[in-house]
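Peer 1: This is input.txt, which holds compact mmCIF, C-alpha atoms:
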```
# COMPACT_ATOMS: atom_id res chain seq x y z
CA MET A 947 -28.09 2.34 56.05
CA THR A 948 -25.51 1.67 53.34
CA GLY A 949 -22.28 2.85 54.94
CA PHE A 950 -21.86 5.36 52.10
CA SER A 951 -22.79 9.02 52.22
CA PHE A 952 -21.74 12.47 51.02
CA GLU A 953 -22.06 15.70 52.94
CA VAL A 954 -21.39 19.10 51.38
CA GLY A 955 -19.33 21.47 53.51
CA ASP A 956 -18.08 24.95 52.59
CA ARG A 957 -19.00 26.51 49.27
CA LEU A 958 -16.73 28.56 47.05
CA ALA A 959 -18.19 32.06 46.82
CA GLY A 960 -19.22 32.98 43.28
CA GLU A 961 -18.27 29.59 41.81
CA ARG A 962 -19.53 26.00 41.90
CA GLY A 963 -16.73 24.58 44.02
CA ARG A 964 -17.28 23.09 47.44
CA THR A 965 -15.70 21.01 50.16
CA GLY A 966 -17.32 17.90 51.51
CA VAL A 967 -16.90 14.51 53.14
CA ILE A 968 -17.47 11.15 51.47
CA THR A 969 -18.07 8.41 54.04
CA THR A 970 -17.38 4.81 52.97
CA PRO A 971 -17.31 1.51 54.87
CA HIS A 972 -13.51 1.84 55.06
CA GLY A 973 -13.20 5.46 56.09
CA ARG A 974 -13.83 9.10 55.19
CA ILE A 975 -12.52 11.15 52.27
CA GLU A 976 -12.35 14.90 52.74
CA THR A 977 -13.02 16.59 49.42
CA PRO A 978 -11.74 17.94 47.13
CA ALA A 979 -9.32 15.00 47.12
CA PHE A 980 -6.83 13.40 44.74
CA ILE A 981 -7.33 9.64 44.51
CA ALA A 982 -3.96 8.07 43.73
CA VAL A 983 -3.99 5.34 41.08
CA GLY A 984 -2.82 1.84 41.97
CA THR A 985 -3.76 0.22 38.66
CA LYS A 986 -2.90 -3.40 39.45
CA ALA A 987 -3.60 -3.15 43.20
CA THR A 988 -0.37 -1.22 43.70
CA VAL A 989 0.89 2.29 43.15
CA LYS A 990 3.92 1.37 41.10
CA ALA A 991 7.15 1.22 43.16
CA VAL A 992 5.51 2.45 46.40
CA LEU A 993 4.23 0.48 49.40
CA PRO A 994 0.62 1.09 50.49
CA GLU A 995 2.03 2.07 53.89
CA SER A 996 4.03 4.84 52.21
CA MET A 997 0.93 6.09 50.40
CA ARG A 998 -0.85 6.34 53.74
CA GLU A 999 2.11 8.20 55.26
CA LEU A 1000 2.22 10.74 52.44
CA GLY A 1001 -1.42 11.60 52.97
CA ALA A 1002 -3.35 9.62 50.33
CA GLN A 1003 -6.95 9.21 51.48
CA ALA A 1004 -8.02 6.56 48.95
CA LEU A 1005 -6.59 4.48 46.11
CA LEU A 1006 -8.08 3.53 42.74
CA ALA A 1007 -7.41 0.20 41.01
CA ASN A 1008 -8.40 -0.90 37.54
CA ALA A 1009 -11.07 -3.52 36.91
CA TYR A 1010 -9.75 -4.43 33.45
CA HIS A 1011 -6.23 -5.16 34.69
CA LEU A 1012 -7.32 -7.07 37.80
CA TYR A 1013 -9.81 -9.09 35.75
CA LEU A 1014 -7.01 -10.22 33.45
CA GLN A 1015 -4.39 -10.64 36.18
CA PRO A 1016 -4.59 -12.17 38.76
CA GLY A 1017 -8.34 -12.54 38.18
CA SER A 1018 -11.12 -10.79 40.06
CA ASP A 1019 -12.07 -14.11 41.68
CA ILE A 1020 -8.66 -14.26 43.35
CA VAL A 1021 -9.06 -10.72 44.72
CA GLU A 1022 -12.46 -11.78 46.06
CA ALA A 1023 -11.00 -14.91 47.69
CA ALA A 1024 -8.35 -12.72 49.36
CA GLY A 1025 -11.08 -10.73 51.09
CA GLY A 1026 -11.39 -7.89 48.61
CA LEU A 1027 -9.12 -5.23 47.19
CA GLY A 1028 -8.15 -3.49 50.43
CA ARG A 1029 -7.18 -6.69 52.21
CA PHE A 1030 -5.46 -8.08 49.11
CA MET A 1031 -3.13 -5.06 48.85
CA ASN A 1032 -2.92 -4.26 52.58
CA TRP A 1033 -4.64 -0.89 52.21
CA PRO A 1034 -7.05 -0.17 55.09
CA GLY A 1035 -8.69 2.95 53.63
CA PRO A 1036 -11.32 3.64 50.96
CA THR A 1037 -10.86 2.16 47.50
CA PHE A 1038 -12.21 2.85 44.00
CA THR A 1039 -12.26 0.77 40.83
CA ASP A 1040 -13.06 2.08 37.39
CA SER A 1041 -15.32 0.03 35.17
CA GLY A 1042 -12.72 -1.22 32.69
CA GLY A 1043 -14.35 0.75 29.88
CA PHE A 1044 -11.36 3.01 29.30
CA GLN A 1045 -8.83 0.15 29.10
CA VAL A 1046 -11.09 -2.08 27.01
CA MET A 1047 -11.33 0.72 24.47
CA SER A 1048 -7.69 1.88 24.64
CA LEU A 1049 -5.39 -1.03 25.49
CA GLY A 1050 -7.86 -3.46 23.94
CA VAL A 1051 -8.43 -1.51 20.78
CA GLY A 1052 -4.93 -1.32 19.35
CA PHE A 1053 -5.61 1.88 17.41
CA LYS A 1054 -5.81 5.60 18.20
CA LYS A 1055 -8.49 5.41 20.88
CA VAL A 1056 -6.84 8.05 23.01
CA LEU A 1057 -8.12 10.84 25.21
CA ALA A 1058 -6.50 13.76 23.43
CA MET A 1059 -6.73 17.11 25.15
CA ASP A 1060 -6.26 18.95 21.87
CA ALA A 1061 -8.57 18.23 18.92
CA ALA A 1062 -6.34 19.94 16.36
CA GLY A 1063 -5.65 17.71 13.38
CA LEU A 1064 -7.77 14.80 14.59
CA GLY A 1065 -9.91 12.88 12.15
CA ASP A 1066 -13.30 11.21 12.35
CA ASP A 1067 -14.53 7.79 13.46
CA ASP A 1068 -12.25 5.95 11.05
CA VAL A 1069 -9.26 6.02 13.42
CA ILE A 1070 -7.56 2.71 12.64
CA ALA A 1071 -3.82 3.30 12.39
CA ALA A 1072 -1.90 1.81 9.48
CA GLY A 1073 -0.69 -1.69 10.23
CA LYS A 1074 -2.75 -2.02 13.41
CA GLU A 1075 -5.26 -4.76 14.10
CA ARG A 1076 -8.58 -3.61 15.51
CA MET A 1077 -8.66 -5.49 18.81
CA ALA A 1078 -12.01 -4.37 20.22
CA HIS A 1079 -15.49 -4.35 18.75
CA VAL A 1080 -18.44 -2.48 20.28
CA ASP A 1081 -22.07 -3.46 19.91
CA ASP A 1082 -25.17 -2.48 21.82
CA ASP A 1083 -24.72 -5.35 24.27
CA GLY A 1084 -21.06 -4.81 25.17
CA VAL A 1085 -17.46 -4.95 23.95
CA THR A 1086 -15.48 -7.93 22.68
CA PHE A 1087 -11.75 -7.38 23.02
CA LYS A 1088 -8.38 -9.08 22.85
CA SER A 1089 -6.18 -9.15 25.96
CA HIS A 1090 -3.06 -7.01 25.63
CA LEU A 1091 -1.27 -9.62 27.78
CA ASP A 1092 -1.71 -12.83 25.82
CA GLY A 1093 -4.07 -12.21 22.90
CA THR A 1094 -6.98 -14.18 24.37
CA MET A 1095 -10.48 -12.96 23.58
CA HIS A 1096 -12.80 -11.58 26.26
CA ARG A 1097 -16.13 -9.82 26.49
CA PHE A 1098 -17.25 -7.06 28.84
CA THR A 1099 -20.91 -6.17 29.21
CA PRO A 1100 -22.45 -3.97 31.91
CA GLU A 1101 -23.28 -7.13 33.84
CA VAL A 1102 -19.73 -8.51 33.54
CA SER A 1103 -18.24 -5.20 34.67
CA MET A 1104 -20.52 -5.16 37.71
CA ARG A 1105 -19.68 -8.75 38.58
CA VAL A 1106 -15.93 -8.09 38.26
CA GLN A 1107 -16.12 -4.96 40.40
CA HIS A 1108 -18.24 -6.67 43.04
CA GLN A 1109 -15.64 -9.43 43.23
CA ILE A 1110 -12.84 -6.88 43.59
CA GLY A 1111 -14.86 -5.26 46.36
CA ALA A 1112 -13.94 -1.54 46.16
CA ASP A 1113 -15.97 1.02 48.10
CA VAL A 1114 -16.72 3.05 44.95
CA ILE A 1115 -17.30 1.43 41.56
CA PHE A 1116 -18.27 2.88 38.18
CA ALA A 1117 -20.90 1.97 35.61
CA PHE A 1118 -19.63 0.47 32.37
CA ASP A 1119 -19.53 3.10 29.63
CA GLU A 1120 -18.25 3.43 26.10
CA LEU A 1121 -15.16 5.56 25.82
CA THR A 1122 -15.47 8.19 23.11
CA THR A 1123 -12.76 10.58 21.98
CA LEU A 1124 -12.29 13.90 20.27
CA MET A 1125 -11.81 11.92 17.04
CA ASN A 1126 -15.40 10.73 16.99
CA THR A 1127 -18.04 12.53 14.92
CA ARG A 1128 -21.06 14.23 16.44
CA GLY A 1129 -23.28 11.47 15.09
CA TYR A 1130 -21.21 8.77 16.72
CA GLN A 1131 -21.19 10.67 20.02
CA GLU A 1132 -25.00 10.73 19.98
CA ARG A 1133 -25.27 7.01 19.28
CA SER A 1134 -22.66 6.21 21.90
CA LEU A 1135 -24.38 8.36 24.51
CA ALA A 1136 -27.62 6.42 24.05
CA ARG A 1137 -25.68 3.16 24.38
CA THR A 1138 -23.90 4.34 27.54
CA GLN A 1139 -27.22 5.38 29.10
CA ALA A 1140 -28.72 1.96 28.38
CA TRP A 1141 -25.63 0.32 29.87
CA ALA A 1142 -25.90 2.56 32.95
CA GLU A 1143 -29.42 1.31 33.65
CA ARG A 1144 -28.28 -2.29 33.19
CA CYS A 1145 -25.46 -1.60 35.67
CA LEU A 1146 -27.97 -0.27 38.21
CA ALA A 1147 -30.07 -3.40 37.85
CA GLU A 1148 -27.11 -5.81 38.13
CA HIS A 1149 -25.59 -3.84 41.00
CA GLY A 1150 -28.87 -4.15 42.88
CA ARG A 1151 -29.05 -7.88 42.23
CA LEU A 1152 -25.47 -8.51 43.35
CA THR A 1153 -25.84 -6.31 46.42
CA ALA A 1154 -28.95 -8.22 47.49
CA ALA A 1155 -27.19 -11.54 46.87
CA HIS A 1156 -24.38 -10.66 49.32
CA PRO A 1157 -26.05 -8.87 52.24
CA GLY A 1158 -23.10 -9.36 54.58
CA ARG A 1159 -20.64 -7.42 52.45
CA PRO A 1160 -19.82 -3.72 52.86
CA TYR A 1161 -21.92 -1.58 50.53
CA GLN A 1162 -20.31 -0.53 47.25
CA ALA A 1163 -21.36 2.87 45.92
CA LEU A 1164 -22.09 2.91 42.19
CA PHE A 1165 -21.25 6.02 40.14
CA GLY A 1166 -22.71 6.68 36.70
CA VAL A 1167 -20.31 8.01 34.06
CA VAL A 1168 -21.03 11.16 32.03
CA GLN A 1169 -19.87 11.16 28.41
CA GLY A 1170 -20.62 13.62 25.59
CA ALA A 1171 -17.16 14.91 24.63
CA GLN A 1172 -17.04 18.67 23.98
CA TYR A 1173 -20.76 19.09 23.20
CA GLU A 1174 -22.70 21.07 25.81
CA ASP A 1175 -26.10 19.67 24.91
CA LEU A 1176 -24.82 16.08 25.02
CA ARG A 1177 -23.04 16.54 28.35
CA ARG A 1178 -26.09 18.17 29.92
CA ARG A 1179 -28.40 15.49 28.49
CA ALA A 1180 -26.14 12.73 29.80
CA CYS A 1181 -26.18 14.30 33.28
CA ARG A 1182 -29.95 14.69 33.34
CA ASP A 1183 -30.51 11.14 32.10
CA LEU A 1184 -28.12 9.63 34.65
CA ALA A 1185 -29.57 11.75 37.47
CA ALA A 1186 -33.07 10.53 36.58
CA SER A 1187 -32.06 6.87 36.24
CA GLU A 1188 -33.75 4.59 38.75
CA VAL A 1189 -34.08 0.80 38.76
CA ASP A 1190 -36.08 -0.92 41.51
CA GLY A 1191 -35.74 2.19 43.66
CA ARG A 1192 -31.95 2.32 43.23
CA ARG A 1193 -30.22 5.46 41.92
CA PHE A 1194 -26.59 6.31 41.34
CA ASP A 1195 -24.63 7.19 44.49
CA GLY A 1196 -22.39 9.62 42.61
CA TYR A 1197 -21.15 10.47 39.15
CA GLY A 1198 -17.95 10.25 37.14
CA ILE A 1199 -17.13 12.80 34.45
CA GLY A 1200 -15.20 10.98 31.75
CA GLY A 1201 -14.33 10.87 28.09
CA ALA A 1202 -12.69 13.41 25.87
CA LEU A 1203 -11.97 16.80 27.44
CA GLU A 1204 -10.10 19.56 25.63
CA LYS A 1205 -7.81 21.14 28.20
CA GLU A 1206 -8.94 24.68 27.53
CA ASN A 1207 -12.58 23.63 28.01
CA LEU A 1208 -12.11 21.37 31.04
CA GLY A 1209 -13.54 23.79 33.59
CA THR A 1210 -16.44 24.71 31.32
CA ILE A 1211 -17.40 21.07 30.76
CA VAL A 1212 -17.19 20.25 34.47
CA GLY A 1213 -19.39 23.29 35.11
CA TRP A 1214 -22.05 22.07 32.67
CA CYS A 1215 -22.14 18.77 34.55
CA ALA A 1216 -22.21 20.38 37.99
CA ASP A 1217 -25.22 22.46 36.92
CA GLU A 1218 -27.20 19.34 36.02
CA LEU A 1219 -26.10 16.71 38.55
CA PRO A 1220 -27.65 16.42 42.02
CA GLU A 1221 -25.99 18.62 44.64
CA ASP A 1222 -26.02 15.86 47.24
CA ARG A 1223 -23.93 13.38 45.23
CA PRO A 1224 -20.13 13.48 44.73
CA ARG A 1225 -18.61 14.17 41.29
CA HIS A 1226 -15.43 12.38 40.27
CA LEU A 1227 -13.36 13.68 37.35
CA LEU A 1228 -11.50 10.86 35.66
CA GLY A 1229 -7.88 11.27 34.61
CA ILE A 1230 -6.46 14.73 35.44
CA SER A 1231 -3.31 15.67 37.37
CA GLU A 1232 -1.89 19.03 36.24
CA PRO A 1233 -2.11 21.91 38.75
CA ASP A 1234 -4.09 24.26 36.49
CA ASP A 1235 -6.56 21.46 35.76
CA PHE A 1236 -7.16 20.90 39.47
CA PHE A 1237 -7.96 24.55 40.10
CA ALA A 1238 -10.28 24.72 37.07
CA ALA A 1239 -12.08 21.49 37.92
CA ILE A 1240 -12.50 22.28 41.61
CA ALA A 1241 -13.77 25.81 40.95
CA ASN A 1242 -16.41 24.31 38.66
CA GLY A 1243 -17.66 21.68 41.07
CA ALA A 1244 -15.56 18.50 40.85
CA ASP A 1245 -14.98 16.73 44.18
CA THR A 1246 -12.45 13.96 43.49
CA PHE A 1247 -9.93 13.12 40.75
CA ASP A 1248 -7.59 10.33 39.74
CA CYS A 1249 -4.65 10.04 37.37
CA VAL A 1250 -1.60 7.82 36.83
CA SER A 1251 0.52 10.78 35.72
CA PRO A 1252 2.31 11.64 39.01
CA SER A 1253 3.77 8.14 39.30
CA ARG A 1254 4.30 7.67 35.57
CA VAL A 1255 6.29 10.86 35.04
CA ALA A 1256 8.23 10.20 38.26
CA ARG A 1257 9.59 6.98 36.77
CA ASN A 1258 10.83 9.08 33.86
CA ALA A 1259 12.70 11.53 36.15
CA ALA A 1260 10.11 14.34 35.91
CA LEU A 1261 9.49 15.84 39.36
CA TYR A 1262 7.05 18.48 40.58
CA THR A 1263 8.09 21.56 42.53
CA ARG A 1264 6.30 24.77 43.42
CA ASP A 1265 8.43 26.42 40.73
CA GLY A 1266 7.28 23.99 38.04
CA ARG A 1267 8.17 20.52 36.84
CA PHE A 1268 11.75 19.62 35.95
CA ASN A 1269 13.82 16.59 34.93
CA VAL A 1270 16.22 15.56 37.69
CA ASN A 1271 18.41 13.47 35.38
CA THR A 1272 19.81 16.50 33.54
CA ALA A 1273 23.41 17.65 33.97
CA ALA A 1274 22.36 20.68 36.02
CA ASN A 1275 21.45 18.36 38.91
CA ARG A 1276 24.61 16.26 38.96
CA ARG A 1277 26.14 18.35 41.77
CA ASN A 1278 22.96 19.84 43.20
CA PHE A 1279 22.80 18.80 46.84
CA ALA A 1280 19.47 20.49 47.59
CA PRO A 1281 16.26 18.49 48.01
CA VAL A 1282 13.84 18.16 45.11
CA ASP A 1283 11.70 20.91 46.66
CA GLU A 1284 12.84 22.92 49.69
CA GLU A 1285 9.20 23.41 50.73
CA CYS A 1286 8.13 19.76 50.45
CA ASP A 1287 7.68 17.64 53.57
CA CYS A 1288 7.84 14.23 51.87
CA TYR A 1289 10.21 11.44 52.88
CA THR A 1290 12.32 11.88 49.76
CA CYS A 1291 12.89 15.60 50.25
CA ALA A 1292 13.69 15.09 53.93
CA HIS A 1293 16.42 12.52 53.28
CA TYR A 1294 17.79 12.77 49.72
CA THR A 1295 19.20 15.32 47.28
CA ARG A 1296 18.72 16.07 43.62
CA ALA A 1297 22.29 14.89 43.04
CA TYR A 1298 21.52 11.51 44.58
CA LEU A 1299 18.35 11.04 42.53
CA HIS A 1300 20.29 12.13 39.43
CA HIS A 1301 22.87 9.44 40.19
CA LEU A 1302 20.21 6.77 40.73
CA PHE A 1303 18.49 7.54 37.43
CA LYS A 1304 21.77 7.49 35.54
CA ALA A 1305 22.76 4.22 37.24
CA LYS A 1306 19.29 2.76 36.55
CA GLU A 1307 18.84 1.84 40.21
CA MET A 1308 15.29 0.67 40.93
CA VAL A 1309 14.95 2.50 44.25
CA VAL A 1310 14.83 5.83 42.44
CA ASN A 1311 11.37 4.99 41.13
CA THR A 1312 10.21 4.68 44.74
CA LEU A 1313 11.81 7.92 45.89
CA ALA A 1314 10.62 9.93 42.87
CA THR A 1315 7.07 8.58 43.08
CA ILE A 1316 6.79 9.30 46.81
CA HIS A 1317 7.67 12.91 46.10
CA ASN A 1318 5.30 13.38 43.15
CA GLU A 1319 2.36 11.72 44.87
CA ARG A 1320 2.90 13.79 48.01
CA PHE A 1321 3.14 16.98 45.93
CA ILE A 1322 -0.19 16.37 44.20
CA VAL A 1323 -2.00 15.09 47.31
CA SER A 1324 -0.83 18.10 49.33
CA LEU A 1325 -1.70 20.55 46.55
CA VAL A 1326 -5.32 19.37 46.54
CA ASP A 1327 -5.31 19.41 50.35
CA ASP A 1328 -4.15 23.04 50.21
CA ILE A 1329 -6.88 23.90 47.71
CA ARG A 1330 -9.46 22.38 50.06
CA ALA A 1331 -8.04 24.42 52.95
CA SER A 1332 -8.16 27.60 50.85
CA ILE A 1333 -11.87 27.08 50.16
CA ARG A 1334 -12.53 26.65 53.87
CA ALA A 1335 -10.48 29.76 54.67
CA GLY A 1336 -12.15 31.84 51.95
CA ASP A 1337 -8.94 32.62 50.04
CA PHE A 1338 -9.17 30.22 47.10
CA ALA A 1339 -8.77 32.94 44.44
CA ALA A 1340 -5.64 34.36 46.06
CA PHE A 1341 -4.12 30.92 46.52
CA ARG A 1342 -4.88 30.00 42.89
CA GLU A 1343 -3.24 33.18 41.59
CA GLU A 1344 -0.15 32.78 43.78
CA PHE A 1345 0.35 29.07 43.15
CA LEU A 1346 -0.23 29.05 39.39
CA GLY A 1347 1.70 32.28 38.88
CA ARG A 1348 4.73 30.72 40.50
CA TYR A 1349 4.34 27.21 39.05
CA TYR A 1350 4.03 28.45 35.46
CA ALA A 1351 6.42 31.41 35.80
CA GLY A 1352 8.86 29.82 33.38
CA ARG A 1353 6.25 29.78 30.62
CA ARG A 1354 4.06 32.76 31.41
CA SER A 1355 2.90 33.09 27.81
CA THR A 1356 0.98 29.82 28.18
CA ALA A 1357 0.15 29.93 31.88
CA PRO A 1358 -3.56 29.81 32.75
CA SER A 1359 -5.11 33.04 33.95
```
I need this file expressed as structure tokens, please.
Peer 2:
Amino acid sequence: MTGFSFEVGDRLAGERGRTGVITTPHGRIETPAFIAVGTKATVKAVLPESMRELGAQALLANAYHLYLQPGSDIVEAAGGLGRFMNWPGPTFTDSGGFQVMSLGVGFKKVLAMDAAGLGDDDVIAAGKERMAHVDDDGVTFKSHLDGTMHRFTPEVSMRVQHQIGADVIFAFDELTTLMNTRGYQERSLARTQAWAERCLAEHGRLTAAHPGRPYQALFGVVQGAQYEDLRRRACRDLAASEVDGRRFDGYGIGGALEKENLGTIVGWCADELPEDRPRHLLGISEPDDFFAAIANGADTFDCVSPSRVARNAALYTRDGRFNVNTAANRRNFAPVDEECDCYTCAHYTRAYLHHLFKAKEMVVNTLATIHNERFIVSLVDDIRASIRAGDFAAFREEFLGRYYAGRRSTAPS
């Protein structure tokens, strides 16, 4: 008995989508579910209690950031991530691979969703120092905080994530992008597979060394960019991976995804990965992406975007996203979204938020983020309900038709 399990519920007729329940030592997650991102053990500007009130089922923190500050040993001494941040529910941490190869790199290691105009592996920007170096054993990188040098290997990532103590952790992988050549993707995929098996071995060792701790589920991470054969190969290899009788508890779908191919790529992975394990799609938050990913078999998702754009005055509504700090909202005394049940919409107006942004008052970041996080959490909740009710297709057409009505020429079909 590990305290972690996944049970498939209703299936989406004619597509790969499904509902389900992930059970962790700190509670259940009904899927599909949006996992809100609290990078440094906090969703920026919002109390954990508020995240619980707005319906978040789980939070994801970042191993790279917590390793650098305050230190994963301090989180461990506090009793683990949930206790450290006063969050009683399930928690996730990513492996640090994305941040090591983006923040740590210092050049164009970005997850573009459009490959147009991108170059090859030689992606060093003019005047930039290359701050991370990959080899077959791991990654040496320079801290973006103070310039000190550090090294992550699969074993280090596992140790850091075990110290942080999240319910779901991810194997250390090499981030690749749409800028990388086919040849580099192949070499990187082999490296990531070798790292995955090392993560399984170290995870087993650390789990056995601390038998009194709640079990942490380990997810393997699928790379392969836009190449069908590489994605499918990565899924098959991860699904077959076994070290001392231990297999992956679930799978993350990561790396470079062109927006127009997102659903297709998720579908390739869903075809190859075990049906009885959850699939987590890393880093998406736009409504059309949710519908595409869920229809093709993704179970959970995370992204910083709802909170990040909120701090820049961009707010979600059922009629699309808008900027509340524009002149049109100066005397608008309606809530952000008449149909939203969040704390912000129940108590404050667009005019008030407009004033707070213009006055640079800090509380506006809290109010805006509460609204955006509630909007995204409730959207995915509604998608889950539509699968159970058997009207997913109708709900998708109605929601996306309205949300993208202002730009119908580019709205997803």
Peer 1: Closest to Leu1005 in chain A among A:Ala1202, A:Val1323, A:Val1167, A:Ile1333, using only C-alpha atoms?
Peer 2: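 Of the candidates, the smallest distance to Leu1005 in chain A is held by A:Val1323.
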Peer 1: Write out as JSON an axis-aligned box for range 1234-1250 of chain A: all of its atoms listed in the file, 6 Å added on each side, centre and edge lengths in Å with one decimal.
Peer 2:
```
{"center_x": -9.6, "center_y": 16.8, "center_z": 40.0, "size_x": 28.1, "size_y": 30.0, "size_z": 20.4}
```
Peer 1: Need to verify the contact set: Phe1345 in chain A, 12 Å, all atoms listed in the file, exclusion of same-chain residues closer than 5 positions in sequence. Can you return it as a PDB file with C-alpha atoms, in the coordinates of the input?
Peer 2:
```pdb
ATOM      1  CA  PRO A1233      -2.110  21.910  38.750  1.00  0.00           C
ATOM      2  CA  ASP A1234      -4.090  24.260  36.490  1.00  0.00           C
ATOM      3  CA  PHE A1236      -7.160  20.900  39.470  1.00  0.00           C
ATOM      4  CA  PHE A1237      -7.960  24.550  40.100  1.00  0.00           C
ATOM      5  CA  THR A1263       8.090  21.560  42.530  1.00  0.00           C
ATOM      6  CA  ARG A1264       6.300  24.770  43.420  1.00  0.00           C
ATOM      7  CA  ASP A1265       8.430  26.420  40.730  1.00  0.00           C
ATOM      8  CA  GLY A1266       7.280  23.990  38.040  1.00  0.00           C
ATOM      9  CA  LEU A1325      -1.700  20.550  46.550  1.00  0.00           C
ATOM     10  CA  VAL A1326      -5.320  19.370  46.540  1.00  0.00           C
ATOM     11  CA  ASP A1328      -4.150  23.040  50.210  1.00  0.00           C
ATOM     12  CA  ILE A1329      -6.880  23.900  47.710  1.00  0.00           C
ATOM     13  CA  SER A1332      -8.160  27.600  50.850  1.00  0.00           C
ATOM     14  CA  PHE A1338      -9.170  30.220  47.100  1.00  0.00           C
ATOM     15  CA  ALA A1339      -8.770  32.940  44.440  1.00  0.00           C
ATOM     16  CA  ALA A1340      -5.640  34.360  46.060  1.00  0.00           C
ATOM     17  CA  TYR A1350       4.030  28.450  35.460  1.00  0.00           C
ATOM     18  CA  ALA A1351       6.420  31.410  35.800  1.00  0.00           C
ATOM     19  CA  ALA A1357       0.150  29.930  31.880  1.00  0.00           C
ATOM     20  CA  PRO A1358      -3.560  29.810  32.750  1.00  0.00           C
ATOM     21  CA  SER A1359      -5.110  33.040  33.950  1.00  0.00           C
TER      22      SER A1359
END
```
Peer 1: Within 12 Å of Thr1210 in chain A, counting all atoms listed in the file, which residues show up once you throw out same-chain ones fewer than 2 positions away? Write them as an NGL selection string, please.
Peer 2: :A and (961-962 or 1171-1174 or 1177-1178 or 1203-1208 or 1212-1217 or 1235 or 1238-1244)
Peer 1: Could you jot down the CA of Val1168 in chain A to CA of Gly1201 in chain A separation for me, Å, one decimal place?
Peer 2: 7.8 Å
Peer 1: Of the candidates A:Gly1084, A:Gly1336, A:Gly1017, A:Gly1200, which shows the shortest atom-to-atom distance to Leu1121 in chain A, using all atoms listed in the file?
Peer 2: A:Gly1200
Peer 1: If you measure from CA of Asp1248 in chain A to CA of Gly1111 in chain A, what distance in Å do you get, rounded to one decimal?
Peer 2: 18.4 Å
Peer 1: Excluding range 1188-1197 of chain A and any residue of its chain fewer than 6 positions from it, enumerate the residues within 6 Å of it, using all atoms listed in the file, and give them as number ranges by chain.
Peer 2: A: 1147, 1163-1167, 1223-1225
Peer 1: Which value, in Å to one decimal, gives the distance between CA of Gln1169 in chain A and CA of Gly1150 in chain A?
Peer 2: 22.9 Å
Peer 1: Rank A:Thr970, A:Ser1089, A:Thr1246, A:Ser1018 by their smallest atom-to-atom distance to Phe950 in chain A, using all atoms listed in the file, and report the top residue only.
Peer 2: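 Residue with the minimum atom-to-atom distance to Phe950 in chain A: A:Thr970.
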Peer 1: Could you list, as a list in words, every residue within 10 Å of Cys1288 in chain A, counting only C-alpha atoms and ignoring same-chain residues fewer than 2 positions away?
Peer 2: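 In the requested form, the answer reads Glu999, Leu1000, Gly1001, Val1282, Asp1283, Glu1285, Cys1286, Thr1290, Cys1291, Ala1292, His1293, Leu1313, Ile1316, His1317, Asn1318, Glu1319, Arg1320, Phe1321 and Ser1324 of chain A.
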